[in-house]
There are 2 protein chains.
Amino acid sequence: MIAPALTKNQSLVFDVLNRSDAPMSAYTILDRLRDQGFRAPLQVYRALDKLLEFGLIHRLESLNAFVACSHAQSDCCSKGHGTVAFAICESCGHVSEFHDHAVDHRLGDWAKQKGFKPAKTTIEIRGLCSACAA
Amino acid sequence: MIAPALTKNQSLVFDVLNRSDAPMSAYTILDRLRDQGFRAPLQVYRALDKLLEFGLIHRLESLNAFVACSHAQSDCCSKGHGTVAFAICESCGHVSEFHDHAVDHRLGDWAKQKGFKPAKTTIEIRGLCSACAA
DNA sequence: TGACACACGTTATAGCATAACGCAATTGAT
DNA sequence: ATCAATTGCGTTATGCTATAACGTGTGTCA
Ligand SMILES: [Zn+2]
Ligand SMILES: [Zn+2]
Ligand SMILES: [Zn+2]
Ligand SMILES: [Zn+2]
């Protein structure tokens with residue numbers, strides 16, 4: 001999915017997420033955008049859906065929250081946006097997004113061996129970041 | 001966490017999950033147990049919390065649903081209940097729970113290298129099982 | 001006996017997500 | 001130019017997921 005120019009609502013939502021240093025729920029985003037004319041959850045969810053489709057943001061399933069993509073361009077097997085993993089600090093909220101080739105392949109091998117056809121893979125590690133664990 | 005004898009409510013909830021061949025939401029479990037006297041979500045959630053604590057069930061974060069543990073006893077590094085992964089069929093709902101030593105260690109290595117202290121790791125592969133993909 | 005822990009039941013509330021309707025702007029044929 | 005299809009947008013209403021707060025009963029252990 002190649003990203004066309006963002007609409008006004010999509011830009012507003014993306015900017016909010018991009019400036020945040022922690023994941024945000026749809027309703028928190030909504031509150032942050034009331035001043036820009038947002039009134040209803042759907043305005044946020046529709047923008048989030050598109051941003052997910054464009055690969056500009058990610059949904060953290062274990063938090064019901066969203067983060068801007070910080071996928072390093074240098075990642076190896078970037079045909080599109082390979083499987084990524086997230087390390088989520090439960091103290092400060094910081095999220096590290098990373099790609100691990102070995103993990104990706106290993107899970108892929110398991111799937112192939114079982115005849116399972118993966119569509120989307122979620123990997124989320126909850127814990128304490130180095131700063132908070134110290 | 002060693003599991004003591006289950007209370008009545010815990011047993012009822014566990015049995016429902018154990019008999020199901022697909023993940024169930026808390027509210028679906030509630031509906032299934034109305035005849036046994038369940039009236040409110042908390043009765044289910046409290047039982048689920050304990051069952052999770054005992055390691056008898058798992059929560060699937062990407063579905064907001066729960067499954068009975070089918071952790072094979074043969075799994076290698078079973079100090080307690082190591083990190084497991086789930087392959088979830090989006091067509092028939094079947095869930096395969098498995099442990100992959102290599103994946104577990106690989107993520108652990110990443111964490112160690114970054115100084116991140118993992119508390120709980122979620123790995124969920126959504127897709128089509130072999131039967132449904134055919 | 002009293003203090004505590006724990007399971008339980010109930011009511012109310014909070015938090016996350018989508019259905020369904022209608023309108024406006026864009027695009028791309030015909 | 002005009003029609004049809006697509007897409008985005010705004011609004012209202014609703015549904016699904018989860019927890020707060022309060023009180024009751026029961027068993028354990030000084
Ligand atoms: Zn990314
Ligand atoms: Zn932290
Ligand atoms: Zn298990
Ligand atoms: Zn299937």
# chains A, B, ... in the order shown; residues from 1 in each chain; ligands from 1
>>> residues_near_ligand(ligand="ligand 2", cutoff="6 Å", atoms="only C-alpha atoms (C1' of nucleotides) and all ligand atoms", output="list in words")
Cys89, Ser91, Cys92, Gly93, His94, Leu128, Cys129, Ala131 and Cys132 of chain A
>>> select_by_dssp(residues="chain B", states="alpha helix (DSSP H)", output="PyMOL selection string")
chain B and resi 8-19+26-32+41-54+101-114+130-133
>>> interface_residues(of="chain A", to="chain B", cutoff="10 Å", atoms="only C-alpha atoms", output="PyMOL selection string")
chain A and resi 59-64+85-90+96+98+100-108+110-134
>>> residues_around(residues="DT11 (chain C)", least_positions_apart="5", cutoff="10 Å", atoms="only C-alpha atoms (C1' of nucleotides)", output="ChimeraX atom specification")
/B:40 /D:21-22
>>> interface_residues(of="chain D", to="chain B", cutoff="12 Å", atoms="only C-alpha atoms (C1' of nucleotides)", output="ChimeraX atom specification")
/D:15-20
>>> write_last_selection(atoms="all heavy atoms", output="short mmCIF file (atom, residue, chain, number, x, y, z; two decimals), in the first residue's frame")
data_model
loop_
_atom_site.label_atom_id
_atom_site.label_comp_id
_atom_site.auth_asym_id
_atom_site.auth_seq_id
_atom_site.Cartn_x
_atom_site.Cartn_y
_atom_site.Cartn_z
P DG D 15 -27.88 -2.09 20.65
OP1 DG D 15 -28.79 -3.07 20.04
OP2 DG D 15 -28.09 -1.59 22.02
"O5'" DG D 15 -26.40 -2.69 20.58
"C5'" DG D 15 -25.79 -2.88 19.32
"C4'" DG D 15 -24.34 -3.26 19.54
"O4'" DG D 15 -23.59 -2.08 19.93
"C3'" DG D 15 -24.15 -4.29 20.65
"O3'" DG D 15 -23.30 -5.30 20.15
"C2'" DG D 15 -23.49 -3.50 21.78
"C1'" DG D 15 -22.76 -2.40 21.01
N9 DG D 15 -22.51 -1.17 21.76
C8 DG D 15 -23.42 -0.35 22.35
N7 DG D 15 -22.88 0.70 22.93
C5 DG D 15 -21.53 0.56 22.69
C6 DG D 15 -20.43 1.38 23.07
O6 DG D 15 -20.45 2.44 23.71
N1 DG D 15 -19.23 0.87 22.63
C2 DG D 15 -19.08 -0.30 21.91
N2 DG D 15 -17.86 -0.65 21.58
N3 DG D 15 -20.09 -1.08 21.54
C4 DG D 15 -21.28 -0.59 21.97
P DC D 16 -23.05 -6.63 20.97
OP1 DC D 16 -23.12 -7.74 20.00
OP2 DC D 16 -23.89 -6.63 22.19
"O5'" DC D 16 -21.54 -6.51 21.43
"C5'" DC D 16 -20.53 -6.30 20.46
"C4'" DC D 16 -19.26 -5.93 21.19
"O4'" DC D 16 -19.42 -4.65 21.81
"C3'" DC D 16 -18.87 -6.91 22.30
"O3'" DC D 16 -17.50 -7.21 22.09
"C2'" DC D 16 -19.07 -6.10 23.59
"C1'" DC D 16 -18.82 -4.69 23.10
N1 DC D 16 -19.40 -3.59 23.90
C2 DC D 16 -18.56 -2.59 24.35
O2 DC D 16 -17.36 -2.68 24.11
N3 DC D 16 -19.08 -1.56 25.07
C4 DC D 16 -20.38 -1.50 25.30
N4 DC D 16 -20.85 -0.46 26.00
C5 DC D 16 -21.28 -2.51 24.83
C6 DC D 16 -20.75 -3.54 24.13
P DT D 17 -16.78 -8.34 23.00
OP1 DT D 17 -15.80 -9.02 22.14
OP2 DT D 17 -17.80 -9.11 23.75
"O5'" DT D 17 -15.98 -7.45 24.05
"C5'" DT D 17 -14.89 -6.68 23.61
"C4'" DT D 17 -14.29 -5.93 24.77
"O4'" DT D 17 -15.24 -4.97 25.27
"C3'" DT D 17 -13.91 -6.80 25.98
"O3'" DT D 17 -12.54 -6.58 26.25
"C2'" DT D 17 -14.79 -6.29 27.11
"C1'" DT D 17 -15.10 -4.87 26.66
N1 DT D 17 -16.35 -4.29 27.19
C2 DT D 17 -16.29 -3.13 27.91
O2 DT D 17 -15.24 -2.57 28.16
N3 DT D 17 -17.50 -2.65 28.35
C4 DT D 17 -18.74 -3.22 28.14
O4 DT D 17 -19.76 -2.69 28.58
C5 DT D 17 -18.74 -4.43 27.37
C7 DT D 17 -20.04 -5.12 27.08
C6 DT D 17 -17.56 -4.91 26.94
P DA D 18 -11.83 -7.38 27.46
OP1 DA D 18 -10.37 -7.39 27.16
OP2 DA D 18 -12.55 -8.64 27.68
"O5'" DA D 18 -12.06 -6.44 28.72
"C5'" DA D 18 -11.46 -5.16 28.72
"C4'" DA D 18 -11.81 -4.43 30.01
"O4'" DA D 18 -13.22 -4.13 30.04
"C3'" DA D 18 -11.52 -5.20 31.30
"O3'" DA D 18 -10.42 -4.57 31.92
"C2'" DA D 18 -12.84 -5.10 32.10
"C1'" DA D 18 -13.59 -3.99 31.39
N9 DA D 18 -15.06 -4.08 31.44
C8 DA D 18 -15.86 -5.08 30.94
N7 DA D 18 -17.14 -4.87 31.11
C5 DA D 18 -17.20 -3.66 31.78
C6 DA D 18 -18.27 -2.87 32.26
N6 DA D 18 -19.55 -3.24 32.12
N1 DA D 18 -17.97 -1.71 32.87
C2 DA D 18 -16.68 -1.36 33.00
N3 DA D 18 -15.59 -2.00 32.60
C4 DA D 18 -15.92 -3.15 31.99
P DT D 19 -9.96 -5.05 33.41
OP1 DT D 19 -8.52 -4.77 33.46
OP2 DT D 19 -10.49 -6.38 33.71
"O5'" DT D 19 -10.69 -4.00 34.37
"C5'" DT D 19 -10.64 -2.63 34.02
"C4'" DT D 19 -11.44 -1.80 34.99
"O4'" DT D 19 -12.85 -2.04 34.79
"C3'" DT D 19 -11.16 -2.08 36.47
"O3'" DT D 19 -10.94 -0.82 37.09
"C2'" DT D 19 -12.45 -2.75 36.95
"C1'" DT D 19 -13.47 -2.07 36.05
N1 DT D 19 -14.75 -2.80 35.89
C2 DT D 19 -15.93 -2.18 36.24
O2 DT D 19 -15.98 -1.05 36.69
N3 DT D 19 -17.04 -2.93 36.04
C4 DT D 19 -17.12 -4.22 35.53
O4 DT D 19 -18.18 -4.81 35.40
C5 DT D 19 -15.85 -4.82 35.18
C7 DT D 19 -15.81 -6.19 34.61
C6 DT D 19 -14.74 -4.09 35.37
P DA D 20 -10.43 -0.80 38.61
OP1 DA D 20 -9.10 -0.13 38.61
OP2 DA D 20 -10.58 -2.12 39.22
"O5'" DA D 20 -11.47 0.21 39.29
"C5'" DA D 20 -12.20 1.10 38.46
"C4'" DA D 20 -13.18 1.90 39.30
"O4'" DA D 20 -14.50 1.32 39.15
"C3'" DA D 20 -12.91 1.92 40.79
"O3'" DA D 20 -13.43 3.14 41.32
"C2'" DA D 20 -13.70 0.72 41.29
"C1'" DA D 20 -14.93 0.77 40.38
N9 DA D 20 -15.50 -0.54 40.05
C8 DA D 20 -14.85 -1.65 39.61
N7 DA D 20 -15.64 -2.68 39.38
C5 DA D 20 -16.90 -2.20 39.69
C6 DA D 20 -18.17 -2.80 39.66
N6 DA D 20 -18.38 -4.07 39.28
N1 DA D 20 -19.24 -2.05 40.03
C2 DA D 20 -19.02 -0.78 40.41
N3 DA D 20 -17.87 -0.10 40.47
C4 DA D 20 -16.84 -0.88 40.10
#
